[in-house]
$ cat final.txt   # compact mmCIF, N, CA and C atoms
# COMPACT_ATOMS: atom_id res chain seq x y z
N MET W 1 -11.73 -15.79 16.03
CA MET W 1 -10.42 -15.90 16.62
C MET W 1 -10.08 -17.39 16.75
N SER W 2 -8.88 -17.76 16.38
CA SER W 2 -8.51 -19.17 16.45
C SER W 2 -8.40 -19.62 17.90
N SER W 3 -8.53 -20.92 18.09
CA SER W 3 -8.47 -21.45 19.46
C SER W 3 -7.07 -21.26 20.05
N LEU W 4 -6.04 -21.33 19.22
CA LEU W 4 -4.68 -21.10 19.69
C LEU W 4 -4.52 -19.67 20.21
N LYS W 5 -5.06 -18.74 19.42
CA LYS W 5 -4.96 -17.33 19.83
C LYS W 5 -5.75 -17.09 21.12
N LYS W 6 -6.92 -17.71 21.21
CA LYS W 6 -7.73 -17.56 22.44
C LYS W 6 -6.98 -18.11 23.64
N THR W 7 -6.37 -19.27 23.45
CA THR W 7 -5.63 -19.89 24.55
C THR W 7 -4.45 -19.02 24.97
N LEU W 8 -3.72 -18.51 23.99
CA LEU W 8 -2.59 -17.63 24.29
C LEU W 8 -3.03 -16.38 25.03
N MET W 9 -4.13 -15.79 24.57
CA MET W 9 -4.64 -14.58 25.23
C MET W 9 -5.03 -14.91 26.68
N LYS W 10 -5.68 -16.04 26.87
CA LYS W 10 -6.12 -16.44 28.21
C LYS W 10 -4.91 -16.63 29.13
N GLN W 11 -3.90 -17.34 28.63
CA GLN W 11 -2.69 -17.58 29.43
C GLN W 11 -1.96 -16.26 29.70
N GLY W 12 -1.93 -15.39 28.70
CA GLY W 12 -1.29 -14.09 28.86
C GLY W 12 -1.97 -13.27 29.94
N MET W 13 -3.29 -13.30 29.96
CA MET W 13 -4.04 -12.56 30.98
C MET W 13 -3.76 -13.14 32.38
N LYS W 14 -3.67 -14.47 32.46
CA LYS W 14 -3.34 -15.10 33.75
C LYS W 14 -1.97 -14.63 34.22
N LEU W 15 -1.01 -14.65 33.29
CA LEU W 15 0.35 -14.22 33.64
C LEU W 15 0.37 -12.76 34.10
N MET W 16 -0.35 -11.91 33.40
CA MET W 16 -0.34 -10.48 33.73
C MET W 16 -0.92 -10.22 35.12
N SER W 17 -1.80 -11.10 35.58
CA SER W 17 -2.39 -10.90 36.91
C SER W 17 -1.51 -11.47 38.02
N ASP W 18 -0.49 -12.22 37.67
CA ASP W 18 0.45 -12.77 38.66
C ASP W 18 1.30 -11.63 39.22
N PRO W 19 1.37 -11.49 40.56
CA PRO W 19 2.14 -10.39 41.17
C PRO W 19 3.61 -10.39 40.77
N ARG W 20 4.20 -11.56 40.58
CA ARG W 20 5.61 -11.62 40.17
C ARG W 20 5.81 -11.02 38.78
N VAL W 21 4.89 -11.31 37.89
CA VAL W 21 4.98 -10.77 36.53
C VAL W 21 4.72 -9.27 36.56
N MET W 22 3.78 -8.83 37.37
CA MET W 22 3.49 -7.40 37.47
C MET W 22 4.72 -6.63 37.95
N LYS W 23 5.41 -7.22 38.93
CA LYS W 23 6.63 -6.58 39.44
C LYS W 23 7.70 -6.55 38.36
N LEU W 24 7.83 -7.64 37.60
CA LEU W 24 8.80 -7.73 36.52
C LEU W 24 8.50 -6.69 35.44
N MET W 25 7.22 -6.51 35.13
CA MET W 25 6.82 -5.57 34.08
C MET W 25 7.10 -4.12 34.49
N GLN W 26 7.26 -3.86 35.75
CA GLN W 26 7.58 -2.51 36.21
C GLN W 26 9.05 -2.16 36.01
N ASP W 27 9.86 -3.18 35.74
CA ASP W 27 11.28 -2.96 35.51
C ASP W 27 11.46 -2.34 34.12
N GLU W 28 12.14 -1.22 34.08
CA GLU W 28 12.33 -0.47 32.83
C GLU W 28 13.06 -1.31 31.78
N ARG W 29 14.03 -2.08 32.20
CA ARG W 29 14.80 -2.91 31.25
C ARG W 29 13.91 -3.97 30.60
N VAL W 30 13.04 -4.56 31.38
CA VAL W 30 12.14 -5.58 30.85
C VAL W 30 11.18 -4.95 29.84
N MET W 31 10.63 -3.81 30.19
CA MET W 31 9.70 -3.13 29.29
C MET W 31 10.39 -2.74 27.98
N LYS W 32 11.63 -2.29 28.09
CA LYS W 32 12.39 -1.92 26.90
C LYS W 32 12.60 -3.14 26.01
N ALA W 33 12.93 -4.27 26.61
CA ALA W 33 13.13 -5.51 25.87
C ALA W 33 11.83 -5.96 25.21
N VAL W 34 10.73 -5.86 25.93
CA VAL W 34 9.42 -6.24 25.38
C VAL W 34 9.08 -5.35 24.18
N MET W 35 9.31 -4.07 24.31
CA MET W 35 9.02 -3.13 23.21
C MET W 35 9.89 -3.45 21.99
N GLN W 36 11.15 -3.78 22.22
CA GLN W 36 12.03 -4.13 21.10
C GLN W 36 11.55 -5.42 20.43
N MET W 37 11.11 -6.39 21.21
CA MET W 37 10.60 -7.64 20.64
C MET W 37 9.34 -7.38 19.81
N MET W 38 8.52 -6.46 20.26
CA MET W 38 7.28 -6.16 19.53
C MET W 38 7.57 -5.45 18.22
N SER W 39 8.69 -4.75 18.12
CA SER W 39 9.00 -4.03 16.89
C SER W 39 9.71 -4.91 15.85
N VAL W 40 10.13 -6.11 16.25
CA VAL W 40 10.88 -6.99 15.34
C VAL W 40 10.10 -7.33 14.06
N PRO W 41 8.83 -7.74 14.14
CA PRO W 41 8.12 -8.10 12.89
C PRO W 41 8.10 -6.96 11.87
N GLY W 42 7.89 -5.74 12.33
CA GLY W 42 7.88 -4.59 11.42
C GLY W 42 9.25 -4.36 10.81
N LYS W 43 10.29 -4.51 11.62
CA LYS W 43 11.64 -4.32 11.10
C LYS W 43 11.98 -5.40 10.08
N VAL W 44 11.57 -6.63 10.34
CA VAL W 44 11.82 -7.73 9.40
C VAL W 44 11.09 -7.47 8.08
N GLN W 45 9.85 -7.03 8.18
CA GLN W 45 9.07 -6.76 6.97
C GLN W 45 9.71 -5.63 6.17
N THR W 46 10.13 -4.57 6.82
CA THR W 46 10.78 -3.46 6.14
C THR W 46 12.07 -3.91 5.48
N PHE W 47 12.88 -4.66 6.21
CA PHE W 47 14.14 -5.16 5.67
C PHE W 47 13.90 -6.03 4.45
N THR W 48 12.92 -6.93 4.54
CA THR W 48 12.61 -7.83 3.43
C THR W 48 12.15 -7.04 2.21
N HIS W 49 11.29 -6.06 2.43
CA HIS W 49 10.78 -5.23 1.33
C HIS W 49 11.94 -4.50 0.65
N GLU W 50 12.84 -3.95 1.44
CA GLU W 50 13.99 -3.23 0.87
C GLU W 50 14.88 -4.17 0.07
N GLN W 51 15.09 -5.38 0.57
CA GLN W 51 15.93 -6.35 -0.14
C GLN W 51 15.29 -6.79 -1.45
N VAL W 52 13.98 -6.97 -1.44
CA VAL W 52 13.27 -7.34 -2.68
C VAL W 52 13.41 -6.23 -3.71
N GLU W 53 13.24 -4.98 -3.28
CA GLU W 53 13.39 -3.86 -4.21
C GLU W 53 14.81 -3.79 -4.76
N ARG W 54 15.79 -4.00 -3.89
CA ARG W 54 17.19 -3.98 -4.33
C ARG W 54 17.45 -5.07 -5.37
N LEU W 55 16.93 -6.26 -5.11
CA LEU W 55 17.10 -7.38 -6.03
C LEU W 55 16.41 -7.08 -7.36
N ALA W 56 15.21 -6.54 -7.30
CA ALA W 56 14.48 -6.22 -8.53
C ALA W 56 15.25 -5.19 -9.36
N LYS W 57 15.80 -4.19 -8.70
CA LYS W 57 16.55 -3.17 -9.43
C LYS W 57 17.82 -3.75 -10.03
N SER W 58 18.49 -4.63 -9.30
CA SER W 58 19.72 -5.21 -9.82
C SER W 58 19.45 -6.12 -11.02
N MET W 59 18.23 -6.66 -11.09
CA MET W 59 17.85 -7.51 -12.22
C MET W 59 17.09 -6.72 -13.28
N ALA W 60 17.03 -5.41 -13.13
CA ALA W 60 16.34 -4.52 -14.06
C ALA W 60 14.86 -4.88 -14.18
N LEU W 61 14.25 -5.21 -13.06
CA LEU W 61 12.82 -5.51 -13.03
C LEU W 61 12.08 -4.34 -12.38
N ALA W 62 10.84 -4.16 -12.78
CA ALA W 62 10.02 -3.11 -12.17
C ALA W 62 9.47 -3.63 -10.84
N THR W 63 9.48 -2.77 -9.84
CA THR W 63 8.90 -3.15 -8.55
C THR W 63 7.39 -2.96 -8.60
N GLU W 64 6.70 -3.49 -7.61
CA GLU W 64 5.24 -3.36 -7.54
C GLU W 64 4.82 -1.90 -7.50
N ASP W 65 5.54 -1.09 -6.74
CA ASP W 65 5.21 0.34 -6.65
C ASP W 65 5.40 1.03 -7.99
N GLU W 66 6.47 0.67 -8.70
CA GLU W 66 6.71 1.29 -10.01
C GLU W 66 5.62 0.90 -11.01
N VAL W 67 5.18 -0.35 -10.97
CA VAL W 67 4.10 -0.79 -11.86
C VAL W 67 2.81 -0.03 -11.54
N LYS W 68 2.52 0.14 -10.25
CA LYS W 68 1.32 0.89 -9.86
C LYS W 68 1.40 2.33 -10.36
N ASP W 69 2.58 2.95 -10.22
CA ASP W 69 2.76 4.32 -10.70
C ASP W 69 2.56 4.40 -12.22
N LEU W 70 3.10 3.43 -12.93
CA LEU W 70 2.94 3.42 -14.39
C LEU W 70 1.48 3.24 -14.79
N LYS W 71 0.78 2.35 -14.12
CA LYS W 71 -0.64 2.15 -14.42
C LYS W 71 -1.43 3.42 -14.16
N ARG W 72 -1.11 4.09 -13.06
CA ARG W 72 -1.79 5.35 -12.73
C ARG W 72 -1.52 6.40 -13.81
N THR W 73 -0.28 6.47 -14.28
CA THR W 73 0.09 7.44 -15.32
C THR W 73 -0.64 7.12 -16.62
N VAL W 74 -0.67 5.84 -16.99
CA VAL W 74 -1.37 5.44 -18.22
C VAL W 74 -2.85 5.79 -18.12
N ARG W 75 -3.46 5.50 -16.98
CA ARG W 75 -4.88 5.81 -16.78
C ARG W 75 -5.13 7.31 -16.92
N ARG W 76 -4.24 8.11 -16.33
CA ARG W 76 -4.38 9.56 -16.39
C ARG W 76 -4.23 10.05 -17.84
N LEU W 77 -3.29 9.48 -18.56
CA LEU W 77 -3.09 9.88 -19.96
C LEU W 77 -4.27 9.46 -20.84
N GLU W 78 -4.83 8.27 -20.57
CA GLU W 78 -6.01 7.83 -21.32
C GLU W 78 -7.19 8.77 -21.06
N ASP W 79 -7.35 9.19 -19.82
CA ASP W 79 -8.42 10.14 -19.49
C ASP W 79 -8.20 11.47 -20.22
N GLU W 80 -6.95 11.90 -20.27
CA GLU W 80 -6.63 13.16 -20.95
C GLU W 80 -6.90 13.04 -22.46
N ILE W 81 -6.55 11.91 -23.06
CA ILE W 81 -6.82 11.70 -24.49
C ILE W 81 -8.32 11.72 -24.74
N ALA W 82 -9.09 11.04 -23.90
CA ALA W 82 -10.55 11.01 -24.06
C ALA W 82 -11.12 12.42 -23.95
N ARG W 83 -10.61 13.21 -23.00
CA ARG W 83 -11.08 14.59 -22.83
C ARG W 83 -10.77 15.42 -24.07
N LEU W 84 -9.56 15.27 -24.59
CA LEU W 84 -9.17 16.04 -25.78
C LEU W 84 -9.97 15.61 -27.01
N GLU W 85 -10.27 14.30 -27.12
CA GLU W 85 -11.09 13.82 -28.24
C GLU W 85 -12.49 14.40 -28.17
N ARG W 86 -13.05 14.44 -26.96
CA ARG W 86 -14.39 15.03 -26.81
C ARG W 86 -14.37 16.52 -27.19
N LYS W 87 -13.32 17.18 -26.76
CA LYS W 87 -13.18 18.61 -27.07
C LYS W 87 -13.06 18.81 -28.58
N GLN W 88 -12.26 17.98 -29.22
CA GLN W 88 -12.10 18.08 -30.68
C GLN W 88 -13.40 17.78 -31.39
N ASP W 89 -14.14 16.78 -30.92
CA ASP W 89 -15.44 16.44 -31.52
C ASP W 89 -16.41 17.61 -31.41
N SER W 90 -16.38 18.30 -30.27
CA SER W 90 -17.29 19.44 -30.10
C SER W 90 -16.90 20.60 -31.02
N ILE W 91 -15.61 20.69 -31.33
CA ILE W 91 -15.15 21.74 -32.26
C ILE W 91 -15.49 21.36 -33.69
N ASP W 92 -15.34 20.07 -34.03
CA ASP W 92 -15.58 19.60 -35.39
C ASP W 92 -17.06 19.50 -35.73
N ALA W 93 -17.93 19.31 -34.76
CA ALA W 93 -19.36 19.11 -35.02
C ALA W 93 -19.98 20.28 -35.77
N PRO W 94 -19.76 21.54 -35.35
CA PRO W 94 -20.35 22.66 -36.12
C PRO W 94 -19.79 22.74 -37.54
N LYS W 95 -18.54 22.41 -37.72
CA LYS W 95 -17.94 22.43 -39.06
C LYS W 95 -18.59 21.40 -39.97
N LYS W 96 -18.87 20.23 -39.43
CA LYS W 96 -19.50 19.17 -40.22
C LYS W 96 -20.92 19.57 -40.61
N LYS W 97 -21.63 20.22 -39.68
CA LYS W 97 -22.99 20.67 -39.98
C LYS W 97 -22.96 21.71 -41.09
N LYS W 98 -22.01 22.62 -41.00
CA LYS W 98 -21.88 23.66 -42.01
C LYS W 98 -21.57 23.06 -43.38
N ALA W 99 -20.63 22.10 -43.39
CA ALA W 99 -20.22 21.46 -44.63
C ALA W 99 -21.39 20.68 -45.22
N SER W 100 -22.17 19.97 -44.41
CA SER W 100 -23.29 19.21 -44.94
C SER W 100 -24.43 20.13 -45.35
N GLY W 101 -24.56 21.26 -44.69
CA GLY W 101 -25.58 22.23 -45.03
C GLY W 101 -25.30 22.92 -46.34
N SER W 102 -24.05 23.21 -46.65
CA SER W 102 -23.69 23.88 -47.90
C SER W 102 -23.68 22.92 -49.06
N ALA W 103 -23.60 21.63 -48.81
CA ALA W 103 -23.58 20.63 -49.89
C ALA W 103 -24.98 20.41 -50.41
N GLU W 104 -25.98 20.76 -49.67
CA GLU W 104 -27.37 20.52 -50.09
C GLU W 104 -27.83 21.50 -51.05
$ encode --input "final.txt" --output "structure tokens"
Amino acid sequence: MSSLKKTLMKQGMKLMSDPRVMKLMQDERVMKAVMQMMSVPGKVQTFTHEQVERLAKSMALATEDEVKDLKRTVRRLEDEIARLERKQDSIDAPKKKKASGSAE
């Protein structure tokens, strides 16, 4: 933990033990304001993410989520091709043995 964070935590704990602050924290309006302030970083991050996606779409660029989805689809299709190739090889193997056996 950084020293700044430790100092802030220490000061915060001192404040919370102050009777005036405790009385203030019991006020519903104050608690509502504190809760709204705590939700701001998440709202900013969501807003920023939405704006980036909007900008990417307006510029006809793929978003990070779309690229991940495409990679997942390609991986799944490659796995399916490999499975089908193995299946075809298992079907062709007896035919090759038969053909080489009759050539002898």
$ atom_distance --input "final.txt" --atom1 "CA of Val67 (chain W)" --atom2 "atom N of Arg54 (chain W)"
14.5 Å
$ atom_distance --input "final.txt" --atom1 "CA of Met13 (chain W)" --atom2 "CA of Lys43 (chain W)"
26.6 Å
$ atom_distance --input "final.txt" --atom1 "atom N of Thr63 (chain W)" --atom2 "atom N of Thr48 (chain W)"
15.4 Å
